[in-house]
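S.K.: Have a peek at start.pdb (PDB, C-alpha atoms, pLDDT in the B column).
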```
MODEL        1
ATOM      1  CA  MET F 190     118.254 106.635 101.993  1.00 65.00           C
ATOM      2  CA  ILE F 191     115.418 105.812  99.618  1.00 80.00           C
ATOM      3  CA  ASP F 192     112.135 107.711  99.834  1.00 93.00           C
ATOM      4  CA  ILE F 193     109.650 105.439 101.608  1.00 96.00           C
ATOM      5  CA  PHE F 194     106.030 106.220 102.371  1.00 98.00           C
ATOM      6  CA  MET F 195     105.411 104.152 105.509  1.00 98.00           C
ATOM      7  CA  PHE F 196     102.006 102.957 106.612  1.00 98.00           C
ATOM      8  CA  ASP F 197     100.376 100.735 109.195  1.00 98.00           C
ATOM      9  CA  ILE F 198      96.808  99.581 109.795  1.00 98.00           C
ATOM     10  CA  GLU F 199      94.956  98.693 112.978  1.00 98.00           C
ATOM     11  CA  THR F 200      92.052  96.276 112.893  1.00 98.00           C
ATOM     12  CA  THR F 201      89.391  94.869 115.156  1.00 98.00           C
ATOM     13  CA  SER F 202      86.549  92.374 114.813  1.00 98.00           C
ATOM     14  CA  GLN F 203      83.249  93.485 113.324  1.00 97.00           C
ATOM     15  CA  TYR F 204      81.444  92.929 116.627  1.00 98.00           C
ATOM     16  CA  GLU F 205      82.425  93.308 120.253  1.00 98.00           C
ATOM     17  CA  ASN F 206      81.835  89.648 121.108  1.00 98.00           C
ATOM     18  CA  ILE F 207      80.671  86.336 119.677  1.00 98.00           C
ATOM     19  CA  GLU F 208      77.106  86.800 120.938  1.00 98.00           C
ATOM     20  CA  GLU F 209      76.680  90.035 118.974  1.00 98.00           C
ATOM     21  CA  PHE F 210      78.293  88.407 115.953  1.00 98.00           C
ATOM     22  CA  LYS F 211      75.882  85.468 116.005  1.00 98.00           C
ATOM     23  CA  HIS F 212      72.843  87.690 116.609  1.00 98.00           C
ATOM     24  CA  ASN F 213      73.632  90.153 113.811  1.00 98.00           C
ATOM     25  CA  ASP F 214      75.317  87.943 111.195  1.00 98.00           C
ATOM     26  CA  ASN F 215      74.347  84.281 111.363  1.00 97.00           C
ATOM     27  CA  LYS F 216      75.969  83.471 108.005  1.00 98.00           C
ATOM     28  CA  GLY F 217      79.277  84.976 109.065  1.00 98.00           C
ATOM     29  CA  TYR F 218      79.058  83.255 112.441  1.00 98.00           C
ATOM     30  CA  ASN F 219      78.558  79.856 110.801  1.00 98.00           C
ATOM     31  CA  LEU F 220      81.568  80.424 108.543  1.00 98.00           C
ATOM     32  CA  PHE F 221      83.676  81.398 111.539  1.00 97.00           C
ATOM     33  CA  PHE F 222      82.456  78.323 113.430  1.00 97.00           C
ATOM     34  CA  LYS F 223      83.604  76.086 110.559  1.00 97.00           C
ATOM     35  CA  LYS F 224      87.057  77.678 110.720  1.00 96.00           C
ATOM     36  CA  PHE F 225      87.054  77.269 114.499  1.00 96.00           C
ATOM     37  CA  GLU F 226      86.490  73.524 114.085  1.00 95.00           C
ATOM     38  CA  LYS F 227      88.816  73.078 111.091  1.00 95.00           C
ATOM     39  CA  TYR F 228      91.832  74.588 112.843  1.00 93.00           C
ATOM     40  CA  ASN F 229      91.063  73.072 116.265  1.00 93.00           C
ATOM     41  CA  TRP F 230      90.955  76.508 117.838  1.00 94.00           C
ATOM     42  CA  CYS F 231      89.290  74.965 120.880  1.00 91.00           C
ATOM     43  CA  ASP F 232      92.722  73.630 121.871  1.00 92.00           C
ATOM     44  CA  LYS F 233      94.319  77.016 121.324  1.00 91.00           C
ATOM     45  CA  HIS F 234      91.670  79.340 122.748  1.00 92.00           C
ATOM     46  CA  GLY F 235      89.391  77.196 124.890  1.00 91.00           C
ATOM     47  CA  ASP F 236      86.072  78.288 123.360  1.00 95.00           C
ATOM     48  CA  ILE F 237      84.703  80.039 120.288  1.00 97.00           C
ATOM     49  CA  GLY F 238      84.108  83.288 122.172  1.00 96.00           C
ATOM     50  CA  LYS F 239      87.783  83.692 123.005  1.00 96.00           C
ATOM     51  CA  ALA F 240      88.745  82.551 119.511  1.00 96.00           C
ATOM     52  CA  TYR F 241      86.604  85.316 118.012  1.00 97.00           C
ATOM     53  CA  LEU F 242      88.241  87.964 120.196  1.00 96.00           C
ATOM     54  CA  GLU F 243      91.735  86.867 119.149  1.00 95.00           C
ATOM     55  CA  GLU F 244      91.283  85.652 115.580  1.00 96.00           C
ATOM     56  CA  GLY F 245      88.477  87.926 114.390  1.00 96.00           C
ATOM     57  CA  PRO F 246      90.611  91.074 114.411  1.00 97.00           C
ATOM     58  CA  ILE F 247      93.340  89.521 112.251  1.00 96.00           C
ATOM     59  CA  ILE F 248      91.161  87.891 109.567  1.00 97.00           C
ATOM     60  CA  SER F 249      89.758  90.397 107.078  1.00 98.00           C
ATOM     61  CA  THR F 250      86.571  88.354 106.577  1.00 98.00           C
ATOM     62  CA  TYR F 251      85.540  88.933 110.180  1.00 98.00           C
ATOM     63  CA  GLY F 252      87.283  92.187 111.019  1.00 98.00           C
ATOM     64  CA  LYS F 253      87.394  95.823 110.021  1.00 98.00           C
ATOM     65  CA  ILE F 254      90.029  98.491 109.577  1.00 98.00           C
ATOM     66  CA  ILE F 255      89.682 101.263 112.140  1.00 98.00           C
ATOM     67  CA  CYS F 256      92.914 103.194 111.572  1.00 98.00           C
ATOM     68  CA  ILE F 257      95.489 103.703 108.837  1.00 98.00           C
ATOM     69  CA  SER F 258      98.509 105.791 109.803  1.00 98.00           C
ATOM     70  CA  PHE F 259     101.141 106.925 107.339  1.00 98.00           C
ATOM     71  CA  GLY F 260     104.259 109.021 107.200  1.00 97.00           C
ATOM     72  CA  TYR F 261     107.469 109.967 105.469  1.00 96.00           C
ATOM     73  CA  ILE F 262     110.555 112.151 105.801  1.00 94.00           C
ATOM     74  CA  ASP F 263     110.162 115.714 104.515  1.00 89.00           C
ATOM     75  CA  ASN F 264     113.271 117.923 104.678  1.00 86.00           C
ATOM     76  CA  GLY F 265     114.629 115.822 107.526  1.00 87.00           C
ATOM     77  CA  GLN F 266     111.402 115.881 109.538  1.00 89.00           C
ATOM     78  CA  GLN F 267     108.852 113.137 110.068  1.00 94.00           C
ATOM     79  CA  ARG F 268     105.393 113.866 108.690  1.00 96.00           C
ATOM     80  CA  VAL F 269     102.840 111.449 110.171  1.00 98.00           C
ATOM     81  CA  SER F 270      99.043 111.469 109.969  1.00 98.00           C
ATOM     82  CA  SER F 271      96.068 109.103 110.074  1.00 98.00           C
ATOM     83  CA  PHE F 272      92.643 108.249 108.745  1.00 98.00           C
ATOM     84  CA  TYR F 273      90.656 106.610 111.528  1.00 98.00           C
ATOM     85  CA  GLY F 274      87.226 106.070 113.051  1.00 98.00           C
ATOM     86  CA  ASP F 275      84.189 103.820 112.627  1.00 97.00           C
ATOM     87  CA  ASP F 276      83.620 104.200 108.870  1.00 98.00           C
ATOM     88  CA  GLU F 277      85.858 101.574 107.273  1.00 98.00           C
ATOM     89  CA  LYS F 278      84.819 102.418 103.718  1.00 98.00           C
ATOM     90  CA  ASP F 279      85.743 106.063 104.171  1.00 98.00           C
ATOM     91  CA  ILE F 280      89.091 105.158 105.751  1.00 98.00           C
ATOM     92  CA  VAL F 281      90.201 102.815 102.976  1.00 98.00           C
ATOM     93  CA  ASN F 282      88.858 105.057 100.206  1.00 98.00           C
ATOM     94  CA  ARG F 283      90.705 108.120 101.508  1.00 98.00           C
ATOM     95  CA  PHE F 284      93.918 106.169 101.915  1.00 98.00           C
ATOM     96  CA  ASN F 285      93.586 104.677  98.449  1.00 98.00           C
ATOM     97  CA  GLU F 286      93.187 108.162  96.982  1.00 98.00           C
ATOM     98  CA  LEU F 287      96.296 109.236  98.870  1.00 98.00           C
ATOM     99  CA  LEU F 288      98.208 106.280  97.406  1.00 98.00           C
ATOM    100  CA  ARG F 289      97.207 107.404  93.917  1.00 97.00           C
ATOM    101  CA  LYS F 290      98.993 110.684  94.608  1.00 96.00           C
ATOM    102  CA  ILE F 291     101.997 108.989  96.224  1.00 95.00           C
ATOM    103  CA  GLU F 292     102.553 106.619  93.308  1.00 94.00           C
ATOM    104  CA  LYS F 293     103.040 109.605  90.982  1.00 94.00           C
ATOM    105  CA  LYS F 294     106.071 110.608  93.033  1.00 93.00           C
ATOM    106  CA  ASN F 295     109.334 108.783  93.709  1.00 91.00           C
ATOM    107  CA  PHE F 296     108.143 107.030  96.865  1.00 94.00           C
ATOM    108  CA  LYS F 297     108.218 103.353  97.598  1.00 96.00           C
ATOM    109  CA  LEU F 298     105.493 102.016  99.914  1.00 98.00           C
ATOM    110  CA  GLY F 299     106.821 100.518 103.135  1.00 98.00           C
ATOM    111  CA  GLY F 300     106.051  99.025 106.525  1.00 98.00           C
ATOM    112  CA  TYR F 301     106.556  95.931 108.653  1.00 97.00           C
ATOM    113  CA  ARG F 302     104.973  92.692 107.358  1.00 97.00           C
ATOM    114  CA  ILE F 303     102.809  94.725 105.008  1.00 98.00           C
ATOM    115  CA  LEU F 304     103.054  92.036 102.317  1.00 96.00           C
ATOM    116  CA  TYR F 305     101.415  89.523 104.648  1.00 96.00           C
ATOM    117  CA  PHE F 306      98.937  91.639 106.564  1.00 97.00           C
ATOM    118  CA  ASP F 307      98.390  95.320 105.779  1.00 98.00           C
ATOM    119  CA  ILE F 308      98.305  95.118 101.982  1.00 98.00           C
ATOM    120  CA  PRO F 309      96.087  91.991 101.775  1.00 98.00           C
ATOM    121  CA  TRP F 310      93.684  93.535 104.271  1.00 98.00           C
ATOM    122  CA  LEU F 311      93.589  96.793 102.352  1.00 98.00           C
ATOM    123  CA  LEU F 312      93.013  95.039  99.033  1.00 98.00           C
ATOM    124  CA  HIS F 313      90.256  92.836 100.478  1.00 98.00           C
ATOM    125  CA  LYS F 314      88.415  95.870 101.788  1.00 98.00           C
ATOM    126  CA  LEU F 315      88.818  97.864  98.571  1.00 98.00           C
ATOM    127  CA  TYR F 316      87.393  94.934  96.623  1.00 98.00           C
ATOM    128  CA  LYS F 317      84.549  94.657  99.138  1.00 98.00           C
ATOM    129  CA  TYR F 318      83.569  98.290  98.563  1.00 98.00           C
ATOM    130  CA  LYS F 319      84.141  98.017  94.795  1.00 98.00           C
ATOM    131  CA  ILE F 320      86.951 100.580  94.869  1.00 98.00           C
ATOM    132  CA  LYS F 321      89.723 100.138  92.307  1.00 98.00           C
ATOM    133  CA  PRO F 322      93.032  99.805  94.205  1.00 98.00           C
ATOM    134  CA  ALA F 323      95.874 102.208  93.538  1.00 98.00           C
ATOM    135  CA  ASP F 324      98.455 100.640  91.246  1.00 96.00           C
ATOM    136  CA  ILE F 325     101.235 100.782  93.853  1.00 97.00           C
ATOM    137  CA  ILE F 326      99.551  98.117  96.034  1.00 97.00           C
ATOM    138  CA  THR F 327      98.614  95.732  93.226  1.00 94.00           C
ATOM    139  CA  LEU F 328     101.274  93.044  92.825  1.00 88.00           C
ATOM    140  CA  TYR F 329      99.675  90.864  90.165  1.00 88.00           C
ATOM    141  CA  ASN F 330     101.375  90.624  86.769  1.00 88.00           C
ATOM    142  CA  LYS F 331     104.210  92.991  87.679  1.00 90.00           C
ATOM    143  CA  LYS F 332     107.856  92.456  86.880  1.00 91.00           C
ATOM    144  CA  PRO F 333     110.178  92.441  89.929  1.00 86.00           C
ATOM    145  CA  TRP F 334     111.631  95.855  89.093  1.00 87.00           C
ATOM    146  CA  GLU F 335     108.133  97.317  88.831  1.00 91.00           C
ATOM    147  CA  ASN F 336     107.352  96.413  92.429  1.00 93.00           C
ATOM    148  CA  ARG F 337     107.520  99.454  94.718  1.00 96.00           C
ATOM    149  CA  ILE F 338     106.851  97.667  98.010  1.00 97.00           C
ATOM    150  CA  VAL F 339     109.443  97.692 100.824  1.00 96.00           C
ATOM    151  CA  ASP F 340     108.685  95.181 103.590  1.00 97.00           C
ATOM    152  CA  ILE F 341     111.089  95.686 106.495  1.00 96.00           C
ATOM    153  CA  SER F 342     110.345  92.221 107.906  1.00 96.00           C
ATOM    154  CA  GLU F 343     111.521  90.545 104.700  1.00 93.00           C
ATOM    155  CA  ASP F 344     114.616  92.695 104.347  1.00 93.00           C
ATOM    156  CA  TRP F 345     115.568  92.194 107.989  1.00 94.00           C
ATOM    157  CA  LYS F 346     115.073  88.425 108.026  1.00 91.00           C
ATOM    158  CA  LEU F 347     116.834  87.736 104.699  1.00 87.00           C
ATOM    159  CA  ARG F 348     117.427  83.960 104.641  1.00 76.00           C
ATOM    160  CA  PHE F 349     117.772  83.534 108.393  1.00 85.00           C
ATOM    161  CA  ALA F 350     115.726  80.674 109.818  1.00 76.00           C
ATOM    162  CA  TYR F 351     113.849  82.695 112.418  1.00 84.00           C
ATOM    163  CA  ALA F 352     111.291  85.439 112.001  1.00 86.00           C
ATOM    164  CA  TYR F 353     111.482  88.604 114.083  1.00 92.00           C
ATOM    165  CA  SER F 354     108.843  90.717 115.723  1.00 93.00           C
ATOM    166  CA  PHE F 355     108.964  94.447 115.073  1.00 94.00           C
ATOM    167  CA  ASP F 356     109.620  94.884 118.788  1.00 93.00           C
ATOM    168  CA  GLU F 357     112.783  92.769 118.442  1.00 94.00           C
ATOM    169  CA  VAL F 358     114.019  94.764 115.455  1.00 95.00           C
ATOM    170  CA  CYS F 359     113.505  98.031 117.321  1.00 95.00           C
ATOM    171  CA  TYR F 360     115.301  96.609 120.353  1.00 95.00           C
ATOM    172  CA  GLN F 361     118.313  95.513 118.338  1.00 95.00           C
ATOM    173  CA  LEU F 362     118.596  98.847 116.528  1.00 96.00           C
ATOM    174  CA  GLY F 363     118.010 100.985 119.596  1.00 96.00           C
ATOM    175  CA  VAL F 364     114.761 102.457 118.260  1.00 96.00           C
ATOM    176  CA  GLU F 365     111.963 103.217 120.730  1.00 92.00           C
ATOM    177  CA  SER F 366     109.349 100.495 120.308  1.00 89.00           C
ATOM    178  CA  PRO F 367     105.709 101.438 119.701  1.00 84.00           C
ATOM    179  CA  LYS F 368     104.720  98.274 121.589  1.00 78.00           C
ATOM    180  CA  ASP F 369     105.703  99.766 124.943  1.00 75.00           C
ATOM    181  CA  ASN F 370     102.341 101.535 125.352  1.00 76.00           C
ATOM    182  CA  MET F 371      99.998  99.208 123.447  1.00 85.00           C
ATOM    183  CA  ASN F 372     100.182  96.156 121.213  1.00 86.00           C
ATOM    184  CA  GLY F 373      97.963  94.714 118.526  1.00 87.00           C
ATOM    185  CA  SER F 374      96.229  92.275 120.864  1.00 88.00           C
ATOM    186  CA  GLU F 375      94.893  95.190 122.930  1.00 94.00           C
ATOM    187  CA  VAL F 376      93.350  97.121 120.052  1.00 96.00           C
ATOM    188  CA  HIS F 377      90.030  95.232 120.040  1.00 96.00           C
ATOM    189  CA  VAL F 378      89.275  95.979 123.690  1.00 96.00           C
ATOM    190  CA  ALA F 379      90.470  99.579 123.354  1.00 97.00           C
ATOM    191  CA  TYR F 380      88.218 100.170 120.350  1.00 98.00           C
ATOM    192  CA  TYR F 381      85.081  98.894 122.049  1.00 97.00           C
ATOM    193  CA  GLN F 382      85.954 100.987 125.093  1.00 97.00           C
ATOM    194  CA  GLY F 383      85.834 104.034 122.833  1.00 98.00           C
ATOM    195  CA  ARG F 384      89.597 104.647 122.954  1.00 97.00           C
ATOM    196  CA  ILE F 385      90.046 105.353 119.246  1.00 97.00           C
ATOM    197  CA  GLU F 386      92.453 108.238 119.944  1.00 97.00           C
ATOM    198  CA  ASP F 387      94.737 105.855 121.874  1.00 96.00           C
ATOM    199  CA  ILE F 388      94.662 103.464 118.923  1.00 97.00           C
ATOM    200  CA  LYS F 389      95.548 106.271 116.529  1.00 97.00           C
ATOM    201  CA  ARG F 390      98.496 107.314 118.692  1.00 96.00           C
ATOM    202  CA  TYR F 391      99.712 103.714 118.828  1.00 96.00           C
ATOM    203  CA  CYS F 392      99.358 103.294 115.069  1.00 97.00           C
ATOM    204  CA  GLU F 393     101.226 106.544 114.424  1.00 97.00           C
ATOM    205  CA  SER F 394     104.007 105.521 116.815  1.00 96.00           C
ATOM    206  CA  ASP F 395     104.376 102.336 114.760  1.00 96.00           C
ATOM    207  CA  VAL F 396     104.840 104.414 111.619  1.00 97.00           C
ATOM    208  CA  ARG F 397     107.347 106.694 113.359  1.00 97.00           C
ATOM    209  CA  ALA F 398     109.352 103.679 114.511  1.00 97.00           C
ATOM    210  CA  SER F 399     109.252 102.210 110.991  1.00 97.00           C
ATOM    211  CA  ILE F 400     110.665 105.443 109.616  1.00 97.00           C
ATOM    212  CA  GLU F 401     113.489 105.401 112.179  1.00 96.00           C
ATOM    213  CA  VAL F 402     114.289 101.765 111.377  1.00 96.00           C
ATOM    214  CA  SER F 403     114.308 102.480 107.652  1.00 96.00           C
ATOM    215  CA  LYS F 404     116.844 105.287 108.178  1.00 94.00           C
ATOM    216  CA  LEU F 405     119.233 102.719 109.638  1.00 95.00           C
ATOM    217  CA  ILE F 406     118.861  99.890 107.126  1.00 93.00           C
ATOM    218  CA  TYR F 407     118.146 101.521 103.739  1.00 92.00           C
TER
ENDMDL
END
```
Just give me the structure as structure tokens.
M.R.:
Amino acid sequence: MIDIFMFDIETTSQYENIEEFKHNDNKGYNLFFKKFEKYNWCDKHGDIGKAYLEEGPIISTYGKIICISFGYIDNGQQRVSSFYGDDEKDIVNRFNELLRKIEKKNFKLGGYRILYFDIPWLLHKLYKYKIKPADIITLYNKKPWENRIVDISEDWKLRFAYAYSFDEVCYQLGVESPKDNMNGSEVHVAYYQGRIEDIKRYCESDVRASIEVSKLIY
């Protein structure tokens, strides 16, 4: 088994609802409204308020990172921890500093769909706060053998026509799914209900499941 430092992020929208968004950030609201019209989200969501609740948390422009969980195997035992809370800048800065330490070791950086979600989000936020990203998450101008990213979703799908959810992968491998107690679509509501500890536990369970999956396929 290769040494993989697993991580997962949880995100929510910047504001609890569309009314707060429009009141506090008219420029951002207008940009979101243009996207709402461009992609015909009215057909998908019904109205812009529902679109914001569902799309805002998955688009880095309109959302924020509220938890980053991470873990690895140490002498046969899982070591899992998190940076989480309301201060996005502090969360991403602390995790970036941790990555600087990790990249000096023999770890690869892993997770599920991190190439398409977690890493882009993290990079966008580091750029926003003018923080230089750790080398391990920068993909530009690297040769293939210099890349230290392991994306389970890519390795599991291979060239098969269909994509898989992480829940499906866990099911097929007999690994307890982290989605049994919460899923990503519930994070927004949980956050604005003040349930940040529940979100952290869910995020950490995702990392634990990723570690168990990696033990079976790498």
S.K.: Running the PyMOL selection byres ((chain F and resi 383-387) around 9) on this model by hand, what would come out? Give it as an MDAnalysis selection string.
M.R.: chainID F and resid 255:256 273:275 371 376 378:382 388:392
S.K.: Where does segment 245-333 of chain F meet segment 205-224 of chain F within 12 Å, residue by residue, with the nearest atom pair and distance in Å to one decimal for each, counting all atoms listed in the file, listed by chain and rising number, as a Markdown table?
M.R.:
```
| residue | atom | partner | partner_atom | distance |
| --- | --- | --- | --- | --- |
| F:Gly245 | CA | F:Phe221 | CA | 8.6 |
| F:Pro246 | CA | F:Glu205 | CA | 10.3 |
| F:Ile248 | CA | F:Phe221 | CA | 10.1 |
| F:Ser249 | CA | F:Phe221 | CA | 11.7 |
| F:Thr250 | CA | F:Gly217 | CA | 8.4 |
| F:Tyr251 | CA | F:Gly217 | CA | 7.5 |
| F:Gly252 | CA | F:Glu205 | CA | 10.5 |
| F:Lys253 | CA | F:Glu205 | CA | 11.6 |
```
S.K.: When you count only C-alpha atoms, which of these residues is closest to Phe284 of chain F: F:Asp192, F:Glu401, F:Asp197, F:Glu365?
M.R.: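 Going through F:Asp192, F:Glu401, F:Asp197, F:Glu365 one by one, the smallest distance to Phe284 of chain F is for F:Asp197.
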S.K.: How many Å lie between atom CA of Val364 of chain F and atom CA of Asp340 of chain F, rounded to one decimal?
M.R.: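 Distance reported for this atom pair: 17.5 Å.
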S.K.: What would the selection look like, as an MDAnalysis selection string, if the PyMOL selection byres ((chain F and resi 301-304) around 8) were run on the coordinates I just shared?
M.R.: chainID F and resid 197 299:300 305:309 340:343 355 399
S.K.: Exactly which residues make up the result of the PyMOL selection byres ((chain F and resi 362) around 10) on this file, given as a ChimeraX atom specification?
M.R.: /F:357-361,363-365,401-402,405-406
S.K.: With all atoms listed in the file as the basis for distance, which of F:Ser354, F:Asn295, F:Ser403, F:Asn285 is at the shortest distance from Asp324 of chain F?
M.R.: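 The shortest atom-to-atom distance to Asp324 of chain F comes from F:Asn285.
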S.K.: Select, from F:Ile237, F:Phe225, F:Ile254, F:Ile191, the residue with the minimum atom-to-atom distance to His377 of chain F, counting only C-alpha atoms.
M.R.: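 Closest residue, counting only C-alpha atoms: F:Ile254.
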S.K.: For a test of reading the model, state the distance in Å between atom CA of Phe194 of chain F and atom CA of Asp356 of chain F, rounded to one decimal.
M.R.: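 Calculated distance between atom CA of Phe194 of chain F and atom CA of Asp356 of chain F is 20.3 Å.
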S.K.: Kindly give the distance, in Å, that separates atom CA of Trp310 of chain F and atom CA of Ile198 of chain F, rounded to a single decimal.
M.R.: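 Result for atom CA of Trp310 of chain F versus atom CA of Ile198 of chain F: 8.8 Å, one decimal.
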S.K.: Using all atoms listed in the file for the distances, tell me which of F:Lys239, F:His234, F:Lys278, F:Arg348 is nearest to Leu311 of chain F.
M.R.: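 The shortest atom-to-atom distance to Leu311 of chain F comes from F:Lys278.
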S.K.: Please write out, as lines of an AutoDock Vina configuration file, where the centre of an axis-aligned box around all listed atoms of segment 380-389 of chain F lies and how long its edges are, in Å to one decimal, after adding 3 Å on each side.
M.R.:
```
center_x = 90.3
center_y = 103.6
center_z = 120.8
size_x = 16.5
size_y = 15.3
size_z = 14.6
```
S.K.: When you look at Arg268 of chain F with a cut-off of 10 Å (counting only C-alpha atoms), what residues show up, excluding the ones that are within fewer than 3 positions of it in the same chain? I need them as a PyMOL selection string.
M.R.: chain F and resi 194+259-265+396-397+400
S.K.: With distances taken over all atoms listed in the file, which of F:Tyr329, F:Ser271, F:Trp230, F:Leu242 is nearest to Asp395 of chain F?
M.R.: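 Distance minimum relative to Asp395 of chain F lands on F:Ser271.
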S.K.: Nearest to Ser394 of chain F among F:Ser374, F:Thr327, F:Thr200, F:Ser366, with distances taken over only C-alpha atoms: which residue is it?
M.R.: F:Ser366
S.K.: Some atoms are missing, so please complete segment 204-215 of chain F with N, CA, C and O atoms and return it as a tab-separated table (two decimals), in the frame of the given file.
M.R.:
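The resulting file, out-v4.tsv, is shown below:
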```tsv
chain	number	residue	atom	x	y	z
F	204	TYR	N	82.33	92.81	115.47
F	204	TYR	CA	81.44	92.93	116.63
F	204	TYR	C	82.25	92.80	117.91
F	204	TYR	O	83.34	92.22	117.93
F	205	GLU	N	81.70	93.30	119.00
F	205	GLU	CA	82.42	93.31	120.25
F	205	GLU	C	82.66	91.91	120.80
F	205	GLU	O	83.69	91.63	121.41
F	206	ASN	N	81.71	91.00	120.58
F	206	ASN	CA	81.83	89.65	121.11
F	206	ASN	C	81.09	88.66	120.22
F	206	ASN	O	80.38	89.06	119.28
F	207	ILE	N	81.24	87.39	120.51
F	207	ILE	CA	80.67	86.34	119.68
F	207	ILE	C	79.15	86.35	119.71
F	207	ILE	O	78.49	86.00	118.71
F	208	GLU	N	78.56	86.76	120.83
F	208	GLU	CA	77.11	86.80	120.94
F	208	GLU	C	76.52	87.83	119.97
F	208	GLU	O	75.53	87.55	119.27
F	209	GLU	N	77.15	89.01	119.91
F	209	GLU	CA	76.68	90.04	118.97
F	209	GLU	C	76.89	89.58	117.54
F	209	GLU	O	76.05	89.85	116.67
F	210	PHE	N	78.00	88.91	117.29
F	210	PHE	CA	78.29	88.41	115.95
F	210	PHE	C	77.20	87.45	115.51
F	210	PHE	O	76.63	87.57	114.41
F	211	LYS	N	76.89	86.48	116.35
F	211	LYS	CA	75.88	85.47	116.00
F	211	LYS	C	74.51	86.09	115.83
F	211	LYS	O	73.75	85.73	114.91
F	212	HIS	N	74.16	87.05	116.67
F	212	HIS	CA	72.84	87.69	116.61
F	212	HIS	C	72.67	88.53	115.35
F	212	HIS	O	71.59	88.54	114.74
F	213	ASN	N	73.73	89.21	114.93
F	213	ASN	CA	73.63	90.15	113.81
F	213	ASN	C	74.03	89.56	112.45
F	213	ASN	O	73.65	90.11	111.42
F	214	ASP	N	74.80	88.48	112.46
F	214	ASP	CA	75.32	87.94	111.20
F	214	ASP	C	75.45	86.42	111.30
F	214	ASP	O	76.55	85.90	111.50
F	215	ASN	N	74.34	85.73	111.18
F	215	ASN	CA	74.35	84.28	111.36
F	215	ASN	C	75.19	83.57	110.31
F	215	ASN	O	75.88	82.59	110.60
```
